[in-house]
file input37.cif (mmCIF, C-alpha atoms)
data_work
#
loop_
_atom_site.label_atom_id
_atom_site.label_comp_id
_atom_site.auth_asym_id
_atom_site.auth_seq_id
_atom_site.Cartn_x
_atom_site.Cartn_y
_atom_site.Cartn_z
CA MET A 5 -18.73 6.18 40.16
CA ASP A 6 -15.32 4.87 41.25
CA LYS A 7 -11.98 6.60 40.61
CA LEU A 8 -10.86 3.99 38.04
CA LYS A 9 -13.92 4.61 35.90
CA LEU A 10 -13.52 8.38 36.26
CA SER A 11 -9.90 8.04 35.18
CA GLY A 12 -10.92 6.12 32.06
CA ILE A 13 -13.54 8.71 31.13
CA PHE A 14 -11.08 11.55 31.69
CA THR A 15 -8.41 9.87 29.49
CA ALA A 16 -10.88 9.29 26.66
CA GLY A 17 -11.98 12.91 26.89
CA LEU A 18 -8.42 14.22 26.71
CA LEU A 19 -7.64 12.14 23.63
CA ALA A 20 -10.82 13.35 21.94
CA PHE A 21 -10.02 17.01 22.71
CA GLN A 22 -6.49 16.53 21.38
CA ALA A 23 -7.77 15.08 18.10
CA VAL A 24 -10.14 18.04 17.64
CA ALA A 25 -7.38 20.56 18.41
CA LEU A 26 -5.04 19.10 15.81
CA ALA A 27 -7.78 18.88 13.21
CA ASN A 28 -8.84 22.50 13.67
CA PHE A 29 -5.35 24.01 13.56
CA PRO A 30 -3.55 22.74 10.43
CA ALA A 31 0.18 23.29 10.08
CA ARG A 32 1.34 26.47 8.40
CA ALA A 33 4.32 27.15 6.21
CA GLU A 34 7.70 27.49 7.85
CA GLU A 35 7.69 31.26 7.39
CA PHE A 36 5.29 33.21 9.58
CA ASP A 37 4.09 36.69 8.64
CA GLY A 38 0.82 37.03 10.56
CA ASN A 39 -0.05 38.66 13.85
CA ASP A 40 0.85 36.85 17.04
CA LEU A 41 -2.28 37.69 19.02
CA ARG A 42 -5.30 39.49 17.62
CA ASP A 43 -3.90 42.69 16.07
CA ILE A 44 -0.62 42.46 18.01
CA ARG A 45 2.54 41.56 16.12
CA LEU A 46 6.05 41.10 17.46
CA GLY A 47 8.23 44.05 16.46
CA MET A 48 5.40 46.51 15.84
CA ASP A 49 5.73 50.05 17.13
CA ALA A 50 3.96 50.67 20.44
CA THR A 51 2.10 53.59 18.87
CA GLU A 52 0.38 51.11 16.52
CA LEU A 53 -1.26 49.20 19.37
CA GLU A 54 -5.02 49.55 19.25
CA GLU A 55 -6.46 51.26 22.31
CA SER A 56 -9.93 49.82 21.78
CA GLY A 57 -10.68 46.20 22.57
CA TYR A 58 -8.37 45.95 25.59
CA VAL A 59 -9.01 46.60 29.29
CA ASP A 60 -7.46 46.22 32.74
CA LEU A 61 -3.95 47.20 31.71
CA TYR A 62 -1.47 47.21 34.59
CA CYS A 63 2.24 46.76 35.20
CA ALA A 64 3.22 43.12 35.67
CA ALA A 65 6.02 44.18 38.01
CA ASP A 66 3.70 46.47 39.99
CA PRO A 67 0.09 45.21 39.79
CA LYS A 68 -1.27 48.21 41.69
CA ARG A 69 -0.12 50.52 38.91
CA MET A 70 -3.00 50.65 36.40
CA LEU A 71 -2.59 52.14 32.93
CA ALA A 72 -5.17 54.20 31.07
CA GLY A 73 -3.98 52.71 27.77
CA TRP A 74 -1.00 51.37 25.81
CA LYS A 75 0.26 54.93 25.37
CA ASN A 76 1.20 54.93 29.07
CA TRP A 77 3.51 51.93 28.81
CA ARG A 78 6.49 53.96 30.03
CA ASP A 79 4.78 54.27 33.43
CA CYS A 80 5.72 50.63 34.12
CA PRO A 81 9.12 49.83 35.64
CA ALA A 82 11.71 48.42 33.25
CA ASP A 83 13.71 45.26 33.87
CA ALA A 84 17.49 45.06 33.53
CA SER A 85 17.23 44.88 29.74
CA GLY A 86 14.91 47.89 29.50
CA VAL A 87 11.76 45.87 28.80
CA ARG A 88 8.43 46.81 30.41
CA ALA A 89 5.79 44.10 30.95
CA ILE A 90 2.08 44.95 30.84
CA ARG A 91 -0.77 42.63 31.80
CA PHE A 92 -4.01 43.11 29.89
CA GLY A 93 -7.38 41.58 29.08
CA TYR A 94 -9.98 41.73 26.35
CA ASP A 95 -12.83 44.21 26.56
CA PRO A 96 -16.01 42.19 27.31
CA SER A 97 -17.97 44.51 25.05
CA THR A 98 -16.03 43.12 22.08
CA SER A 99 -15.17 39.67 23.49
CA ARG A 100 -18.32 38.17 24.91
CA ASN A 101 -16.51 35.23 26.51
CA GLY A 102 -13.81 37.34 28.13
CA THR A 103 -10.07 36.99 27.72
CA MET A 104 -9.69 33.75 25.80
CA VAL A 105 -7.10 32.47 23.33
CA ALA A 106 -8.27 29.71 20.98
CA GLY A 107 -11.07 28.89 23.40
CA HIS A 108 -8.91 28.86 26.53
CA PRO A 109 -9.21 31.44 29.35
CA ALA A 110 -5.83 33.15 29.42
CA ILE A 111 -3.56 35.52 31.31
CA LEU A 112 -1.81 37.86 28.85
CA THR A 113 1.38 39.90 29.16
CA LEU A 114 2.85 42.23 26.55
CA MET A 115 6.49 43.35 26.60
CA ILE A 116 7.67 46.67 25.15
CA ASP A 117 11.38 47.45 24.87
CA ASP A 118 13.21 50.75 25.28
CA THR A 119 12.95 51.45 21.53
CA ALA A 120 9.14 51.50 21.89
CA HIS A 121 8.57 48.23 20.01
CA VAL A 122 6.72 45.07 21.01
CA ALA A 123 9.49 42.76 22.20
CA GLY A 124 7.44 39.82 23.40
CA LEU A 125 4.19 38.20 24.43
CA LEU A 126 3.42 35.76 27.19
CA ILE A 127 0.23 33.69 27.02
CA GLU A 128 -0.66 31.52 30.01
CA THR A 129 -3.76 29.45 30.62
CA ASP A 130 -5.78 30.69 33.58
CA PRO A 131 -5.50 28.30 36.56
CA THR A 132 -8.72 29.72 38.04
CA ALA A 133 -10.87 28.68 35.05
CA ARG A 134 -13.74 26.27 35.59
CA LEU A 135 -12.75 22.62 35.75
CA TYR A 136 -14.41 21.56 32.50
CA ILE A 137 -12.39 24.20 30.63
CA ARG A 138 -9.20 24.01 32.69
CA LYS A 139 -8.81 20.26 32.08
CA LYS A 140 -8.17 21.09 28.40
CA ALA A 141 -5.52 23.73 29.10
CA PHE A 142 -2.61 21.57 27.95
CA LEU A 143 -4.13 21.47 24.44
CA LEU A 144 -3.43 25.17 23.86
CA GLY A 145 0.24 24.26 23.47
CA LEU A 146 -0.59 21.96 20.55
CA GLN A 147 -2.61 24.71 18.94
CA ALA A 148 0.26 27.18 19.30
CA ARG A 149 2.77 24.77 17.80
CA SER A 150 0.48 24.10 14.86
CA ARG A 151 -0.05 27.83 14.28
CA TYR A 152 3.67 28.44 13.87
CA GLY A 153 4.22 25.28 11.80
CA SER A 154 4.33 21.73 13.13
CA ASP A 155 7.90 21.05 11.94
CA GLY A 156 11.14 22.27 13.47
CA TRP A 157 10.23 22.07 17.14
CA ALA A 158 12.83 20.75 19.58
CA CYS A 159 10.97 19.20 22.52
CA THR A 160 12.12 17.74 25.82
CA GLU A 161 10.06 15.65 28.26
CA GLY A 162 10.53 16.08 31.99
CA GLN A 163 10.40 13.17 34.39
CA PRO A 164 7.94 12.99 37.29
CA GLY A 165 9.09 14.83 40.39
CA ALA A 166 8.59 13.63 43.93
CA GLY A 167 4.93 12.89 44.51
CA GLU A 168 3.82 13.76 40.97
CA GLN A 169 1.32 11.40 39.35
CA PRO A 170 -0.44 11.10 35.96
CA VAL A 171 -3.91 12.50 35.43
CA GLY A 172 -6.19 9.97 33.77
CA GLY A 173 -3.13 7.89 32.91
CA ILE A 174 -1.34 10.85 31.27
CA TYR A 175 1.75 12.58 32.65
CA LEU A 176 3.03 15.61 30.77
CA LYS A 177 5.88 17.96 31.48
CA GLU A 178 6.95 19.18 28.06
CA ARG A 179 9.04 22.09 26.78
CA CYS A 180 9.29 22.84 23.05
CA ILE A 181 11.36 25.56 21.39
CA LYS A 182 11.57 26.91 17.87
CA THR A 183 12.90 29.94 16.01
CA ILE A 184 10.92 31.22 13.04
CA SER A 185 10.69 34.55 11.22
CA GLY A 186 12.64 36.47 13.87
CA ARG A 187 10.71 34.89 16.74
CA SER A 188 12.03 32.72 19.53
CA LEU A 189 9.15 30.51 20.67
CA VAL A 190 8.88 28.47 23.86
CA VAL A 191 5.79 26.34 24.50
CA GLU A 192 5.51 24.59 27.86
CA ARG A 193 2.77 22.11 28.77
CA ASN A 194 2.12 20.44 32.10
CA LEU A 195 -0.42 17.84 33.18
CA PHE A 196 -0.03 15.99 36.49
CA ARG A 197 -1.24 15.95 40.07
CA GLN A 198 0.40 15.66 43.44
CA ALA A 199 -0.11 12.41 45.31
CA ASP A 200 -2.15 14.09 48.04
CA GLN A 201 -4.45 16.03 45.67
CA ASP A 202 -8.13 15.31 45.18
CA ILE A 203 -9.14 13.87 41.81
CA LYS A 204 -10.52 17.27 40.74
CA ASN A 205 -7.32 19.11 41.65
CA PHE A 206 -4.34 18.87 39.34
CA VAL A 207 -1.83 20.92 37.34
CA ASP A 208 -3.01 21.44 33.76
CA GLN A 209 -1.46 24.40 31.96
CA THR A 210 0.14 25.84 28.86
CA ARG A 211 2.66 28.67 28.80
CA ILE A 212 3.57 30.29 25.47
CA SER A 213 6.47 32.73 25.24
CA ILE A 214 7.02 34.69 22.02
CA GLN A 215 10.19 36.76 22.06
CA ARG A 216 12.37 38.51 19.55
CA ALA A 217 15.05 36.08 18.39
CA ARG A 218 18.64 37.00 19.12
CA ASN A 219 21.00 37.07 16.17
#

call {"tool": "encode", "arguments": {"input": "input37.cif", "output": "structure tokens"}}
result
Amino acid sequence: MDKLKLSGIFTAGLLAFQAVALANFPARAEEFDGNDLRDIRLGMDATELEESGYVDLYCAADPKRMLAGWKNWRDCPADASGVRAIRFGYDPSTSRNGTMVAGHPAILTLMIDDTAHVAGLLIETDPTARLYIRKKAFLLGLQARSRYGSDGWACTEGQPGAGEQPVGGIYLKERCIKTISGRSLVVERNLFRQADQDIKNFVDQTRISIQRARN
């Protein structure tokens, strides 16, 4: 099968996945009062974090420093603003498919501030996921935007950098921001490949930042 035909098949697949994602995640009202990830909610007290259901907790700034549970969050080094970042995964005994967000393998980071409250979440698609899953990674951004309401997003489109090419006829370098219900949201999506990359190698990712909005 030649590269042109592969490109056409890949493009059709991406459009189909996008249609499904939008259909399955209808827009919500412009006020948001739910949890941001599972039972985690921005602003909640660190003592309210469930110990069960989560594994492999470690300090983002010092990956060798493992934590026995959320209660040990102060063992992680703080940044200049007093925030401590903790990487974590889902317990496979309660999440059969591993650490996934809306069907996408993900890398998760929780931020706790010096007042012992959840100050932010970072959700990133896993670049080591299998190709058939990884090629849909950019769709997680659409799902996130729909979850927090489809209106009110301010989006910018980046231009191709040196050597960057579309994947299946699609080039994407998008950054969308929105403030809602005390949350400052940033959703970044990328889909492209470098000129010297094989057809199976390309950048396809979503990065979702949920932070406390500044007054």

call {"tool": "residues_around", "arguments": {"input": "input37.cif", "residues": "segment 183-186 of chain A", "least_positions_apart": "6", "cutoff": "12 Å", "atoms": "only C-alpha atoms", "output": "PyMOL selection string"}}
result
chain A and resi 32-40+45-47+123-124+149+151-158+213-219

call {"tool": "residues_around", "arguments": {"input": "input37.cif", "residues": "Gln169 of chain A", "least_positions_apart": "2", "cutoff": "12 Å", "atoms": "all atoms listed in the file", "output": "ChimeraX atom specification"}}
result
/A:163-167,171-177,194-203,205-207

call {"tool": "atom_distance", "arguments": {"input": "input37.cif", "atom1": "atom CA of Cys80 of chain A", "atom2": "atom CA of Cys63 of chain A"}}
result
5.3 Å

call {"tool": "atom_distance", "arguments": {"input": "input37.cif", "atom1": "atom CA of Ser188 of chain A", "atom2": "atom CA of Val59 of chain A"}}
result
27.0 Å

call {"tool": "resolve_selection", "arguments": {"input": "input37.cif", "expression": "the PyMOL selection byres ((chain A and resi 131) around 12)", "output": "ChimeraX atom specification"}}
result
/A:108-111,128-130,132-142,194,205-211

call {"tool": "closest_residue", "arguments": {"input": "input37.cif", "among": "A:Glu178, A:Asp117, A:Asp60, A:Glu55", "to": "Arg88 of chain A", "atoms": "only C-alpha atoms"}}
result
A:Asp117

call {"tool": "atom_distance", "arguments": {"input": "input37.cif", "atom1": "atom CA of Tyr58 of chain A", "atom2": "atom CA of Ile127 of chain A"}}
result
15.0 Å

call {"tool": "residues_around", "arguments": {"input": "input37.cif", "residues": "Trp77 of chain A", "least_positions_apart": "3", "cutoff": "8 Å", "atoms": "only C-alpha atoms", "output": "VMD selection string"}}
result
chain A and resid 71 73 to 74 80 88 90 116

call {"tool": "build_atoms", "arguments": {"input": "input37.cif", "residues": "segment 170-181 of chain A", "atoms": "all heavy atoms", "output": "PDB file, keeping the file's coordinate frame"}}
result
ATOM      1  N   PRO A 170       0.332  10.819  37.184  1.00  0.00           N
ATOM      2  CA  PRO A 170      -0.440  11.100  35.960  1.00  0.00           C
ATOM      3  C   PRO A 170      -1.871  11.495  36.282  1.00  0.00           C
ATOM      4  O   PRO A 170      -2.388  11.182  37.356  1.00  0.00           O
ATOM      5  CB  PRO A 170      -0.398   9.762  35.201  1.00  0.00           C
ATOM      6  CG  PRO A 170       0.729   8.997  35.803  1.00  0.00           C
ATOM      7  CD  PRO A 170       0.797   9.421  37.245  1.00  0.00           C
ATOM      8  N   VAL A 171      -2.491  12.165  35.355  1.00  0.00           N
ATOM      9  CA  VAL A 171      -3.910  12.500  35.430  1.00  0.00           C
ATOM     10  C   VAL A 171      -4.624  11.696  34.348  1.00  0.00           C
ATOM     11  O   VAL A 171      -4.333  11.867  33.165  1.00  0.00           O
ATOM     12  CB  VAL A 171      -4.149  14.014  35.216  1.00  0.00           C
ATOM     13  CG1 VAL A 171      -5.637  14.325  35.209  1.00  0.00           C
ATOM     14  CG2 VAL A 171      -3.441  14.824  36.286  1.00  0.00           C
ATOM     15  N   GLY A 172      -5.526  10.815  34.751  1.00  0.00           N
ATOM     16  CA  GLY A 172      -6.190   9.970  33.770  1.00  0.00           C
ATOM     17  C   GLY A 172      -5.226   9.118  32.973  1.00  0.00           C
ATOM     18  O   GLY A 172      -5.448   8.857  31.791  1.00  0.00           O
ATOM     19  N   GLY A 173      -4.128   8.720  33.584  1.00  0.00           N
ATOM     20  CA  GLY A 173      -3.130   7.890  32.910  1.00  0.00           C
ATOM     21  C   GLY A 173      -2.139   8.680  32.079  1.00  0.00           C
ATOM     22  O   GLY A 173      -1.277   8.097  31.417  1.00  0.00           O
ATOM     23  N   ILE A 174      -2.233  10.010  32.086  1.00  0.00           N
ATOM     24  CA  ILE A 174      -1.340  10.850  31.270  1.00  0.00           C
ATOM     25  C   ILE A 174      -0.486  11.731  32.173  1.00  0.00           C
ATOM     26  O   ILE A 174      -1.014  12.436  33.030  1.00  0.00           O
ATOM     27  CB  ILE A 174      -2.143  11.726  30.299  1.00  0.00           C
ATOM     28  CG1 ILE A 174      -2.977  10.864  29.345  1.00  0.00           C
ATOM     29  CG2 ILE A 174      -1.209  12.643  29.512  1.00  0.00           C
ATOM     30  CD1 ILE A 174      -3.891  11.671  28.442  1.00  0.00           C
ATOM     31  N   TYR A 175       0.823  11.676  31.970  1.00  0.00           N
ATOM     32  CA  TYR A 175       1.750  12.580  32.650  1.00  0.00           C
ATOM     33  C   TYR A 175       2.436  13.415  31.581  1.00  0.00           C
ATOM     34  O   TYR A 175       2.940  12.891  30.583  1.00  0.00           O
ATOM     35  CB  TYR A 175       2.797  11.810  33.455  1.00  0.00           C
ATOM     36  CG  TYR A 175       3.784  12.721  34.155  1.00  0.00           C
ATOM     37  CD1 TYR A 175       3.523  13.220  35.425  1.00  0.00           C
ATOM     38  CD2 TYR A 175       4.972  13.119  33.523  1.00  0.00           C
ATOM     39  CE1 TYR A 175       4.404  14.081  36.056  1.00  0.00           C
ATOM     40  CE2 TYR A 175       5.848  13.982  34.147  1.00  0.00           C
ATOM     41  CZ  TYR A 175       5.567  14.452  35.417  1.00  0.00           C
ATOM     42  OH  TYR A 175       6.433  15.314  36.039  1.00  0.00           O
ATOM     43  N   LEU A 176       2.460  14.725  31.782  1.00  0.00           N
ATOM     44  CA  LEU A 176       3.030  15.610  30.770  1.00  0.00           C
ATOM     45  C   LEU A 176       3.806  16.736  31.438  1.00  0.00           C
ATOM     46  O   LEU A 176       3.274  17.465  32.267  1.00  0.00           O
ATOM     47  CB  LEU A 176       1.898  16.194  29.906  1.00  0.00           C
ATOM     48  CG  LEU A 176       2.287  17.093  28.734  1.00  0.00           C
ATOM     49  CD1 LEU A 176       3.096  16.314  27.711  1.00  0.00           C
ATOM     50  CD2 LEU A 176       1.022  17.650  28.077  1.00  0.00           C
ATOM     51  N   LYS A 177       5.046  16.831  31.077  1.00  0.00           N
ATOM     52  CA  LYS A 177       5.880  17.960  31.480  1.00  0.00           C
ATOM     53  C   LYS A 177       6.809  18.220  30.293  1.00  0.00           C
ATOM     54  O   LYS A 177       7.910  17.702  30.216  1.00  0.00           O
ATOM     55  CB  LYS A 177       6.668  17.658  32.753  1.00  0.00           C
ATOM     56  CG  LYS A 177       7.359  18.875  33.363  1.00  0.00           C
ATOM     57  CD  LYS A 177       8.138  18.513  34.624  1.00  0.00           C
ATOM     58  CE  LYS A 177       7.229  18.299  35.808  1.00  0.00           C
ATOM     59  NZ  LYS A 177       8.016  18.079  37.062  1.00  0.00           N
ATOM     60  N   GLU A 178       6.325  19.040  29.372  1.00  0.00           N
ATOM     61  CA  GLU A 178       6.950  19.180  28.060  1.00  0.00           C
ATOM     62  C   GLU A 178       7.385  20.625  27.813  1.00  0.00           C
ATOM     63  O   GLU A 178       6.685  21.570  28.166  1.00  0.00           O
ATOM     64  CB  GLU A 178       5.953  18.752  26.990  1.00  0.00           C
ATOM     65  CG  GLU A 178       6.437  18.898  25.559  1.00  0.00           C
ATOM     66  CD  GLU A 178       5.320  18.617  24.569  1.00  0.00           C
ATOM     67  OE1 GLU A 178       4.455  19.520  24.379  1.00  0.00           O
ATOM     68  OE2 GLU A 178       5.283  17.514  24.009  1.00  0.00           O
ATOM     69  N   ARG A 179       8.538  20.768  27.165  1.00  0.00           N
ATOM     70  CA  ARG A 179       9.040  22.090  26.780  1.00  0.00           C
ATOM     71  C   ARG A 179       9.530  22.016  25.339  1.00  0.00           C
ATOM     72  O   ARG A 179      10.421  21.212  25.015  1.00  0.00           O
ATOM     73  CB  ARG A 179      10.171  22.527  27.703  1.00  0.00           C
ATOM     74  CG  ARG A 179      10.665  23.966  27.477  1.00  0.00           C
ATOM     75  CD  ARG A 179      11.704  24.346  28.516  1.00  0.00           C
ATOM     76  NE  ARG A 179      12.012  25.759  28.489  1.00  0.00           N
ATOM     77  CZ  ARG A 179      12.969  26.312  27.743  1.00  0.00           C
ATOM     78  NH1 ARG A 179      13.713  25.541  26.941  1.00  0.00           N
ATOM     79  NH2 ARG A 179      13.196  27.606  27.795  1.00  0.00           N
ATOM     80  N   CYS A 180       8.941  22.840  24.472  1.00  0.00           N
ATOM     81  CA  CYS A 180       9.290  22.840  23.050  1.00  0.00           C
ATOM     82  C   CYS A 180       9.768  24.236  22.647  1.00  0.00           C
ATOM     83  O   CYS A 180       9.165  25.235  23.044  1.00  0.00           O
ATOM     84  CB  CYS A 180       8.095  22.447  22.202  1.00  0.00           C
ATOM     85  SG  CYS A 180       7.508  20.757  22.478  1.00  0.00           S
ATOM     86  N   ILE A 181      10.820  24.294  21.845  1.00  0.00           N
ATOM     87  CA  ILE A 181      11.360  25.560  21.390  1.00  0.00           C
ATOM     88  C   ILE A 181      11.506  25.569  19.869  1.00  0.00           C
ATOM     89  O   ILE A 181      11.655  24.532  19.235  1.00  0.00           O
ATOM     90  CB  ILE A 181      12.730  25.881  22.040  1.00  0.00           C
ATOM     91  CG1 ILE A 181      13.766  24.810  21.665  1.00  0.00           C
ATOM     92  CG2 ILE A 181      12.596  25.977  23.546  1.00  0.00           C
ATOM     93  CD1 ILE A 181      15.171  25.119  22.157  1.00  0.00           C
TER      94      ILE A 181
END
